[in-house]
Amino acid sequence: MLGAPSARAADPVPPPMNDGFGLTQVGAASGTATNFVITVKTDQVSGPHRIRILLPKDYATQPAKRYPVFYFLHGASDDPGNPNVAYPALTAAQSMITVIPDGGRRGWYTNWLDQKTAAGAQNWETFHINQVLPFIDANLRTLASKQARAVGGLSMGGFGALHYAQRHPDLFSQVASLSGANELSTNHAVMRAAVVATLTNVGAALCGASAPTCNLNYGPPVSSDAIFGTPYPILWADWRWNEADPVAHMDALAGMGVSIYTGTGAGNPVEPEFWVESASRHAKERLDALKYPYHYVNYGDGAGWGSDCKGGHTYGCWAQDLVDFVPRLEAAFASQQSSPPAKTSHH
């Protein structure tokens, strides 16, 4: 092969990532230098897991520069290996890193109560917060601070974003829920039933796949009690569901930038977004009562909200949500970097 061109050696490739924090990489990264997928194993969650990483275009050419990070949580029945999770607005971001970790087809961004189901180990919160997050900070040039870290997601991931922001307010300064399962209380039995449907694998209750059609296989059927215990409100036996209900804990988002997006499903109760709208509205009402600022968009039937949104629980609506959200998020990160950190008092 004498005289063969050697230009390929100079082709940009994903940055090397070192194992650590309980994560072991399997195989090589796939994709481009700025949009690639790594596969990891962890004893916290059964099976291999893909993590998609989107880097800004100048990452390789600005070796002294550090970047804020947006953790984007996918919906039920999806997988970061699906190239559609790299929404156009995310790949167009100029000044931040986006990390899309595997949340399972129905992991619900939670450490399950029952670790002995057919699904195996399911400690999703430990995986994301204690493993993925420090792994990213150790391997990429991040600004590893609350001010430079955001979490958002769609459908199941919208719940996950609020859940993580509420449980770890020291880690995130911005949170976004796109068509999120924002309410799990007994006041919203339909949303609770939708979660149960993903566990028992009985159909398309709340599908959040970033694809034109949803894969309705959520994995091996498990008990309705697997994640939060019994969903049935008899003698307060469902207390774990109430404890995980984002609407009940909006007070934990004090000082955080909060964004909520919803459609109306065109008023059709068969369309999941019809129920998402009421859960999102209840979250908004709680924020109003707390007098917290927020960015709330109800795009109704989708008219004027991008070219492919009919107000349903669909990719076209979420793509437009991100067109609205990503520039606002980048601007918020930029303002944090240009202003000195606020003084905090320790008592």
# chains A, B, ... in the order shown; residues from 1 in each chain; ligands from 1
call {"tool": "residues_around", "arguments": {"residues": "stretch 297-312 of chain A", "least_positions_apart": "4", "cutoff": "7 Å", "atoms": "only C-alpha atoms", "output": "MDAnalysis selection string"}}
result
chainID A and resid 260:266 271 273 316:317 320
call {"tool": "select_by_dssp", "arguments": {"residues": "stretch 7-179 of chain A", "states": "strand (DSSP E)", "output": "count of residues only"}}
result
43
call {"tool": "closest_residue", "arguments": {"among": "A:Asn201, A:Asn182, A:Ser223, A:Thr24", "to": "A:Arg286", "atoms": "only C-alpha atoms"}}
result
A:Asn182
call {"tool": "residues_around", "arguments": {"residues": "A:Leu171", "least_positions_apart": "2", "cutoff": "10 Å", "atoms": "only C-alpha atoms", "output": "list in words"}}
result
Ile129, Leu133, Ala144, Ser145, Lys146, Gln147, Ala148, Arg149, Ala150, Val151, Tyr164, Ala165, Gln166, Arg167, His168, Pro169, Ser173 and Gln174 of chain A
call {"tool": "atom_distance", "arguments": {"atom1": "atom CA of A:Trp112", "atom2": "atom CA of A:Gln44"}}
result
10.7 Å
call {"tool": "closest_residue", "arguments": {"among": "A:Gln115, A:Gly267, A:His163, A:Arg106", "to": "A:Thr200", "atoms": "only C-alpha atoms"}}
result
A:Arg106
call {"tool": "residues_around", "arguments": {"residues": "A:Pro88", "least_positions_apart": "3", "cutoff": "10 Å", "atoms": "only C-alpha atoms", "output": "ChimeraX atom specification"}}
result
/A:84-85,91-93,319-320,322-323
call {"tool": "write_last_selection", "arguments": {"atoms": "N, CA, C and O atoms", "output": "compact mmCIF listing (two decimals), in the first residue's frame"}}
result
# COMPACT_ATOMS: atom_id res chain seq x y z
N ASN A 84 -32.58 9.60 15.25
CA ASN A 84 -33.57 10.67 15.34
C ASN A 84 -33.57 11.39 16.69
O ASN A 84 -34.16 12.47 16.80
N VAL A 85 -32.94 10.81 17.71
CA VAL A 85 -32.91 11.53 19.00
C VAL A 85 -31.98 12.74 18.92
O VAL A 85 -32.04 13.62 19.77
N THR A 91 -28.33 19.36 17.25
CA THR A 91 -27.09 19.29 16.48
C THR A 91 -26.65 20.67 16.00
O THR A 91 -25.47 20.88 15.71
N ALA A 92 -27.58 21.62 15.95
CA ALA A 92 -27.25 22.98 15.53
C ALA A 92 -26.73 23.84 16.67
O ALA A 92 -26.27 24.96 16.43
N ALA A 93 -26.79 23.34 17.89
CA ALA A 93 -26.33 24.14 19.04
C ALA A 93 -24.87 24.53 18.85
O ALA A 93 -24.05 23.73 18.41
N ALA A 319 -39.56 18.49 18.00
CA ALA A 319 -38.51 19.16 17.22
C ALA A 319 -38.69 20.68 17.30
O ALA A 319 -37.71 21.42 17.45
N GLN A 320 -39.93 21.14 17.24
CA GLN A 320 -40.18 22.58 17.32
C GLN A 320 -40.01 23.10 18.74
O GLN A 320 -39.55 24.23 18.94
N LEU A 322 -37.78 22.15 20.73
CA LEU A 322 -36.33 22.34 20.87
C LEU A 322 -35.83 23.52 20.07
O LEU A 322 -34.87 24.19 20.48
N VAL A 323 -36.48 23.83 18.94
CA VAL A 323 -36.13 25.05 18.19
C VAL A 323 -36.35 26.28 19.07
O VAL A 323 -35.58 27.25 19.04
call {"tool": "atom_distance", "arguments": {"atom1": "atom CA of A:Pro233", "atom2": "atom CA of A:Met156"}}
result
22.0 Å
call {"tool": "residues_around", "arguments": {"residues": "A:Pro80", "least_positions_apart": "2", "cutoff": "12 Å", "atoms": "only C-alpha atoms", "output": "PyMOL selection string"}}
result
chain A and resi 35-39+48-54+72-78+82-87+98-105+209-211
call {"tool": "closest_residue", "arguments": {"among": "A:Pro56, A:Gln131, A:Phe333, A:Asn187", "to": "A:Gly22", "atoms": "only C-alpha atoms"}}
result
A:Gln131
call {"tool": "select_by_dssp", "arguments": {"residues": "stretch 131-200 of chain A", "states": "alpha helix (DSSP H)", "output": "VMD selection string"}}
result
chain A and resid 133 to 139 156 to 167 189 to 200
call {"tool": "residues_around", "arguments": {"residues": "A:Pro63", "least_positions_apart": "3", "cutoff": "12 Å", "atoms": "only C-alpha atoms", "output": "compact mmCIF listing (two decimals) with C-alpha atoms, in the first residue's frame"}}
result
# COMPACT_ATOMS: atom_id res chain seq x y z
CA PRO A 15 -12.54 12.22 21.53
CA ASP A 58 -15.53 24.08 17.44
CA TYR A 59 -14.85 21.45 20.13
CA ALA A 60 -11.78 19.98 18.38
CA ARG A 66 -14.98 24.46 28.12
CA TYR A 67 -18.69 24.03 27.55
CA LEU A 140 -15.05 16.03 28.09
CA ARG A 141 -14.14 19.70 28.53
CA THR A 142 -17.24 20.61 30.48
call {"tool": "decode", "arguments": {"residues": "stretch 274-328 of chain A", "atoms": "C-alpha atoms", "output": "PDB file, in the first residue's frame"}}
result
ATOM      1  CA  PHE A 274     -54.675  15.389  25.707  1.00  0.00           C
ATOM      2  CA  TRP A 275     -53.648  14.051  29.130  1.00  0.00           C
ATOM      3  CA  VAL A 276     -50.183  15.606  28.989  1.00  0.00           C
ATOM      4  CA  GLU A 277     -51.846  19.014  28.679  1.00  0.00           C
ATOM      5  CA  SER A 278     -53.683  18.731  31.993  1.00  0.00           C
ATOM      6  CA  ALA A 279     -50.585  17.417  33.789  1.00  0.00           C
ATOM      7  CA  SER A 280     -48.545  20.313  32.360  1.00  0.00           C
ATOM      8  CA  ARG A 281     -51.241  22.808  33.327  1.00  0.00           C
ATOM      9  CA  HIS A 282     -51.235  21.520  36.902  1.00  0.00           C
ATOM     10  CA  ALA A 283     -47.457  21.973  37.027  1.00  0.00           C
ATOM     11  CA  LYS A 284     -47.899  25.543  35.769  1.00  0.00           C
ATOM     12  CA  GLU A 285     -50.603  26.249  38.367  1.00  0.00           C
ATOM     13  CA  ARG A 286     -48.275  25.037  41.111  1.00  0.00           C
ATOM     14  CA  LEU A 287     -45.503  27.317  39.828  1.00  0.00           C
ATOM     15  CA  ASP A 288     -47.992  30.208  39.780  1.00  0.00           C
ATOM     16  CA  ALA A 289     -48.948  29.511  43.391  1.00  0.00           C
ATOM     17  CA  LEU A 290     -45.257  29.515  44.334  1.00  0.00           C
ATOM     18  CA  LYS A 291     -44.729  32.727  42.304  1.00  0.00           C
ATOM     19  CA  TYR A 292     -41.817  31.073  40.478  1.00  0.00           C
ATOM     20  CA  PRO A 293     -40.955  32.342  36.980  1.00  0.00           C
ATOM     21  CA  TYR A 294     -41.156  29.902  34.079  1.00  0.00           C
ATOM     22  CA  HIS A 295     -41.477  29.589  30.298  1.00  0.00           C
ATOM     23  CA  TYR A 296     -44.726  27.821  29.383  1.00  0.00           C
ATOM     24  CA  VAL A 297     -45.855  27.000  25.857  1.00  0.00           C
ATOM     25  CA  ASN A 298     -49.178  25.380  25.012  1.00  0.00           C
ATOM     26  CA  TYR A 299     -49.148  25.122  21.226  1.00  0.00           C
ATOM     27  CA  GLY A 300     -52.682  23.743  21.119  1.00  0.00           C
ATOM     28  CA  ASP A 301     -53.335  21.891  17.878  1.00  0.00           C
ATOM     29  CA  GLY A 302     -49.857  22.773  16.621  1.00  0.00           C
ATOM     30  CA  ALA A 303     -50.941  25.438  14.133  1.00  0.00           C
ATOM     31  CA  GLY A 304     -47.927  27.696  13.641  1.00  0.00           C
ATOM     32  CA  TRP A 305     -45.689  25.448  15.737  1.00  0.00           C
ATOM     33  CA  GLY A 306     -43.304  24.253  13.077  1.00  0.00           C
ATOM     34  CA  SER A 307     -44.253  22.490   9.869  1.00  0.00           C
ATOM     35  CA  ASP A 308     -44.943  19.034  11.299  1.00  0.00           C
ATOM     36  CA  CYS A 309     -46.859  19.478  14.563  1.00  0.00           C
ATOM     37  CA  LYS A 310     -50.569  18.754  14.861  1.00  0.00           C
ATOM     38  CA  GLY A 311     -50.630  19.164  18.633  1.00  0.00           C
ATOM     39  CA  GLY A 312     -50.003  15.475  19.306  1.00  0.00           C
ATOM     40  CA  HIS A 313     -47.434  13.412  21.187  1.00  0.00           C
ATOM     41  CA  THR A 314     -45.083  13.372  18.209  1.00  0.00           C
ATOM     42  CA  TYR A 315     -41.583  14.030  16.898  1.00  0.00           C
ATOM     43  CA  GLY A 316     -42.660  17.067  14.861  1.00  0.00           C
ATOM     44  CA  CYS A 317     -43.892  18.903  17.954  1.00  0.00           C
ATOM     45  CA  TRP A 318     -40.816  18.053  20.031  1.00  0.00           C
ATOM     46  CA  ALA A 319     -38.512  19.159  17.216  1.00  0.00           C
ATOM     47  CA  GLN A 320     -40.182  22.579  17.316  1.00  0.00           C
ATOM     48  CA  ASP A 321     -40.111  22.677  21.146  1.00  0.00           C
ATOM     49  CA  LEU A 322     -36.334  22.340  20.874  1.00  0.00           C
ATOM     50  CA  VAL A 323     -36.133  25.054  18.189  1.00  0.00           C
ATOM     51  CA  ASP A 324     -37.666  27.328  20.824  1.00  0.00           C
ATOM     52  CA  PHE A 325     -35.779  25.960  23.822  1.00  0.00           C
ATOM     53  CA  VAL A 326     -32.182  25.441  22.656  1.00  0.00           C
ATOM     54  CA  PRO A 327     -31.372  29.099  21.806  1.00  0.00           C
ATOM     55  CA  ARG A 328     -32.933  30.176  25.111  1.00  0.00           C
TER      56      ARG A 328
END
